[in-house]
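Participant: Contents of run.csv (CSV, C-alpha atoms) are below:
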```csv
chain,number,residue,atom,x,y,z
A,128,MET,CA,0.0,0.0,0.0
A,129,THR,CA,1.4,3.4,-1.0
A,130,SER,CA,1.6,6.3,1.4
A,131,ALA,CA,-1.1,8.0,-0.6
A,132,GLN,CA,-3.4,5.0,-0.2
A,133,ILE,CA,-2.6,4.9,3.6
A,134,GLU,CA,-3.5,8.5,3.9
A,135,GLN,CA,-6.7,8.0,1.9
A,136,THR,CA,-7.6,5.0,4.2
A,137,LYS,CA,-7.0,7.1,7.3
A,138,ALA,CA,-9.1,9.9,6.0
A,139,SER,CA,-12.0,7.5,5.2
A,140,VAL,CA,-11.8,5.9,8.6
A,141,GLN,CA,-11.6,9.4,10.3
A,142,ASP,CA,-14.7,10.5,8.3
A,143,ALA,CA,-16.5,7.3,9.4
A,144,VAL,CA,-15.5,7.9,13.1
A,145,THR,CA,-16.8,11.5,12.9
A,146,LYS,CA,-20.1,10.3,11.5
A,147,ILE,CA,-20.4,7.6,14.1
A,148,ALA,CA,-19.7,10.1,16.9
A,149,ALA,CA,-22.5,12.3,15.5
A,150,ILE,CA,-24.8,9.3,15.4
A,151,ASP,CA,-23.9,8.4,19.0
A,152,ALA,CA,-24.7,12.0,20.1
A,153,LYS,CA,-28.1,11.8,18.4
A,154,ILE,CA,-28.7,8.4,20.1
A,155,ALA,CA,-27.8,9.9,23.5
A,156,ASP,CA,-30.2,12.8,22.8
A,157,PHE,CA,-33.0,10.4,21.7
A,158,GLN,CA,-32.4,8.3,24.8
A,159,ALA,CA,-32.7,11.4,27.1
A,160,GLN,CA,-35.9,12.5,25.3
A,161,TYR,CA,-37.2,8.9,25.5
A,162,LYS,CA,-36.5,8.8,29.3
A,163,LYS,CA,-38.3,12.2,29.7
A,164,LEU,CA,-41.3,11.0,27.7
A,165,LEU,CA,-41.5,7.8,29.8
A,166,GLU,CA,-41.4,9.8,33.0
A,167,MET,CA,-44.1,12.1,31.6
A,168,ARG,CA,-46.2,9.1,30.6
A,169,SER,CA,-45.7,7.5,34.0
A,170,LYS,CA,-46.9,10.7,35.8
A,171,GLY,CA,-49.8,10.9,33.4
A,172,VAL,CA,-50.8,7.3,34.1
A,173,LEU,CA,-50.5,7.9,37.8
A,174,PHE,CA,-52.7,11.0,37.6
A,175,CYS,CA,-55.3,9.0,35.5
A,176,ALA,CA,-55.2,6.1,38.0
A,177,LYS,CA,-55.8,8.4,41.0
A,178,THR,CA,-58.6,10.2,39.1
A,179,VAL,CA,-60.3,7.1,37.7
A,180,LYS,CA,-60.1,5.5,41.1
A,181,THR,CA,-62.6,8.1,42.4
A,182,LEU,CA,-65.3,7.0,39.8
A,183,PRO,CA,-68.0,4.6,40.9
A,184,GLY,CA,-67.1,1.0,40.0
A,185,GLU,CA,-69.4,0.6,36.9
A,186,GLU,CA,-68.3,4.0,35.5
A,187,ARG,CA,-64.7,3.2,36.2
A,188,ASP,CA,-64.9,-0.1,34.4
A,189,ALA,CA,-66.8,1.4,31.4
A,190,PHE,CA,-64.2,4.2,31.1
A,191,LEU,CA,-61.3,1.8,31.2
A,192,ALA,CA,-62.9,-0.5,28.7
A,193,GLU,CA,-63.0,2.3,26.2
A,194,LEU,CA,-59.3,2.9,26.4
A,195,ASP,CA,-56.5,1.2,24.5
A,196,GLY,CA,-55.8,-2.2,26.1
A,197,ALA,CA,-52.2,-1.4,27.2
A,198,LEU,CA,-53.1,2.0,28.6
A,199,SER,CA,-56.1,0.6,30.4
A,200,ALA,CA,-54.0,-2.1,31.9
A,201,ASP,CA,-51.3,0.4,33.0
A,202,ILE,CA,-53.9,2.7,34.6
A,203,ARG,CA,-55.6,-0.3,36.4
A,204,LYS,CA,-52.3,-1.5,37.8
A,205,MET,CA,-51.5,2.0,39.1
A,206,MET,CA,-54.9,2.3,40.7
A,207,PHE,CA,-54.2,-0.2,43.4
A,208,MET,CA,-51.1,-0.2,45.6
A,209,PHE,CA,-50.0,-3.2,47.7
A,210,GLU,CA,-51.1,-1.6,50.9
A,211,ASP,CA,-54.7,-1.4,49.5
A,212,ILE,CA,-54.9,-5.2,50.0
A,213,ALA,CA,-55.5,-4.5,53.7
A,214,LYS,CA,-58.8,-2.9,52.7
A,215,LEU,CA,-60.2,-6.2,51.3
A,216,ASP,CA,-62.3,-8.4,53.5
A,217,LYS,CA,-60.9,-11.7,54.8
A,218,ARG,CA,-62.5,-13.9,52.2
A,219,HIS,CA,-61.0,-11.9,49.4
A,220,ILE,CA,-57.5,-11.7,50.8
A,221,GLN,CA,-57.7,-15.5,51.4
A,222,LYS,CA,-58.6,-16.1,47.8
A,223,ILE,CA,-55.8,-13.9,46.6
A,224,MET,CA,-53.2,-15.5,48.9
A,225,PHE,CA,-54.3,-19.0,47.9
A,226,LYS,CA,-53.5,-18.2,44.3
A,227,CYS,CA,-50.1,-16.6,45.1
A,228,ASP,CA,-46.7,-18.2,45.3
A,229,LEU,CA,-45.5,-18.4,48.9
A,230,LYS,CA,-42.1,-16.9,47.8
A,231,ASP,CA,-43.9,-13.9,46.4
A,232,ILE,CA,-45.8,-13.5,49.6
A,233,ALA,CA,-42.5,-13.7,51.6
A,234,HIS,CA,-40.8,-11.2,49.3
A,235,ALA,CA,-43.7,-8.8,49.3
A,236,LEU,CA,-43.8,-8.8,53.1
A,237,LYS,CA,-40.0,-8.8,53.7
A,238,LEU,CA,-39.8,-5.0,54.0
A,239,SER,CA,-43.2,-4.8,55.8
A,240,GLU,CA,-42.0,-5.9,59.3
A,241,GLY,CA,-44.5,-4.9,62.0
A,242,THR,CA,-46.9,-3.2,59.6
A,243,GLU,CA,-50.6,-3.7,59.4
A,244,ILE,CA,-50.4,-5.2,55.9
A,245,LYS,CA,-48.1,-7.9,57.1
A,246,LYS,CA,-50.2,-8.7,60.1
A,247,TYR,CA,-53.4,-8.8,58.0
A,248,ILE,CA,-52.0,-11.0,55.3
A,249,MET,CA,-50.4,-13.4,57.8
A,250,SER,CA,-53.6,-13.6,59.7
A,251,ASN,CA,-55.4,-14.8,56.5
A,252,ILE,CA,-53.1,-17.6,55.5
A,253,SER,CA,-52.9,-21.1,57.0
A,254,ARG,CA,-50.5,-21.8,59.9
A,255,ASN,CA,-48.5,-24.1,57.6
A,256,ASN,CA,-48.1,-21.3,55.0
A,257,ILE,CA,-47.2,-18.8,57.8
A,258,THR,CA,-44.4,-21.1,58.7
A,259,LEU,CA,-43.3,-21.5,55.1
A,260,VAL,CA,-43.4,-17.7,54.5
A,261,ASN,CA,-41.4,-17.0,57.7
A,262,GLU,CA,-38.8,-19.6,56.7
A,263,GLU,CA,-38.6,-18.0,53.2
A,264,MET,CA,-38.1,-14.6,54.7
A,265,GLU,CA,-35.4,-15.9,57.0
A,266,LYS,CA,-33.6,-17.3,54.0
A,267,MET,CA,-33.5,-13.8,52.5
A,268,GLY,CA,-31.5,-12.5,55.5
A,269,ASP,CA,-31.5,-9.0,56.8
A,270,ALA,CA,-34.1,-6.6,55.3
A,271,ALA,CA,-31.3,-4.3,54.3
A,272,ALA,CA,-29.9,-7.0,52.0
A,273,VAL,CA,-33.1,-7.5,50.2
A,274,ASP,CA,-33.4,-6.1,46.7
A,275,ARG,CA,-36.2,-3.5,46.8
A,276,ALA,CA,-37.0,-4.1,43.1
A,277,GLU,CA,-37.6,-7.8,43.9
A,278,VAL,CA,-40.0,-6.9,46.7
A,279,LEU,CA,-41.9,-4.5,44.4
A,280,ALA,CA,-42.1,-7.1,41.7
A,281,ALA,CA,-43.5,-9.6,44.1
A,282,GLN,CA,-46.0,-7.1,45.4
A,283,ARG,CA,-47.0,-6.4,41.7
A,284,ARG,CA,-47.5,-10.1,41.1
A,285,ILE,CA,-49.8,-10.3,44.1
A,286,LEU,CA,-51.7,-7.2,42.9
A,287,ASP,CA,-52.0,-8.8,39.4
A,288,VAL,CA,-53.6,-11.9,41.0
A,289,ALA,CA,-56.0,-9.5,42.8
A,290,LEU,CA,-56.8,-7.7,39.6
A,291,GLU,CA,-57.3,-11.0,37.8
A,292,LEU,CA,-59.7,-12.2,40.5
A,293,GLU,CA,-61.6,-8.9,40.4
A,294,ALA,CA,-61.9,-9.0,36.6
A,295,THR,CA,-63.5,-12.5,36.8
A,296,GLY,CA,-65.8,-11.4,39.6
A,297,GLU,CA,-64.3,-13.7,42.2
A,298,ILE,CA,-63.5,-10.8,44.5
A,299,PHE,CA,-64.7,-7.2,44.7
A,300,PHE,CA,-62.7,-4.1,45.6
A,301,PRO,CA,-64.4,-1.7,48.0
A,302,GLU,CA,-65.4,1.6,46.5
A,303,ASP,CA,-62.9,3.5,48.7
A,304,MET,CA,-60.0,1.5,47.4
```
Could you write out this file's structure as structure tokens?
Facilitator:
Amino acid sequence: MTSAQIEQTKASVQDAVTKIAAIDAKIADFQAQYKKLLEMRSKGVLFCAKTVKTLPGEERDAFLAELDGALSADIRKMMFMFEDIAKLDKRHIQKIMFKCDLKDIAHALKLSEGTEIKKYIMSNISRNNITLVNEEMEKMGDAAAVDRAEVLAAQRRILDVALELEATGEIFFPEDM
């Protein structure tokens, strides 16, 4: 390869590097914009969830049924928080807990030491399951070592069971939930 060809190759590569850097900058900008849009969407969904939650049950269900399926599901999920389970009557909480994985119950309650929600859930599962849940929580170690994202995911899976049971009419959420 001649020195002229080497210089030509270097110039071509440098040109490509410059273009790649420009593309990377655009990607970074798009990612920042995307993150902002996701945050805005999340805030909007939370606002909708809090507002729709105030509607009477039939109106709420009719309104959510009119929305895009994914948006409706996102709003429905945000309408109910894990702590809201304590507002359910005993029969309903028992149905939910019966359908949930014991590991999910243990993870969901791990950071809820001494809280009403933990007491309420534990008082509505069998003695044998209480033992299993407690053993599972002991395996997790100290609460500080537990991954909060894992706890929130387990709580979400329990809420998903509750929403599924509510959708099929097996349980009913109180109007103030």
Participant: Counting only C-alpha atoms, which of A:Gln158, A:Asn261, A:Gln221, A:Gln141 gets nearest to Ile248 in chain A?
Facilitator: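 Ranked by minimum distance to Ile248 in chain A, first place goes to A:Gln221.
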Participant: Could you check how far CA of Lys180 in chain A sits from CA of Lys222 in chain A, in Å to one decimal?
Facilitator: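 So the two atoms, CA of Lys180 in chain A and CA of Lys222 in chain A, lie 22.7 Å apart.
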Participant: I'd like the neighbourhood of range 297-299 of chain A as a PyMOL selection string, where a residue qualifies if any of its atoms comes within 9 Å (using only C-alpha atoms), though same-chain residues fewer than 5 positions away should be ignored.
Facilitator: chain A and resi 215+218-220+222-223+289-292
Participant: Compare A:Asp287, A:Gly171, A:Asp269, A:Lys230 by their minimum atom-to-atom distance to Leu198 in chain A, counting only C-alpha atoms, and give me the closest one.
Facilitator: A:Gly171
Participant: So how many Å separate CA of Arg283 in chain A and CA of Phe207 in chain A, to one decimal?
Facilitator: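 Separation between CA of Arg283 in chain A and CA of Phe207 in chain A: 9.7 Å.
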Participant: One decimal, in Å: what's the spacing between CA of Thr178 in chain A and CA of Ala281 in chain A?
Facilitator: 25.4 Å
Participant: If we count only C-alpha atoms and set the cut-off at 8 Å, which residues sit around Leu238 in chain A, ignoring sequence neighbours fewer than 4 positions away in its own chain? Please answer as a count of residues only.
Facilitator: 3
Participant: Find, counting only C-alpha atoms, the residue in A:Ile244, A:Ala149, A:Leu236, A:Ala192 that gets nearest to Met267 in chain A.
Facilitator: A:Leu236
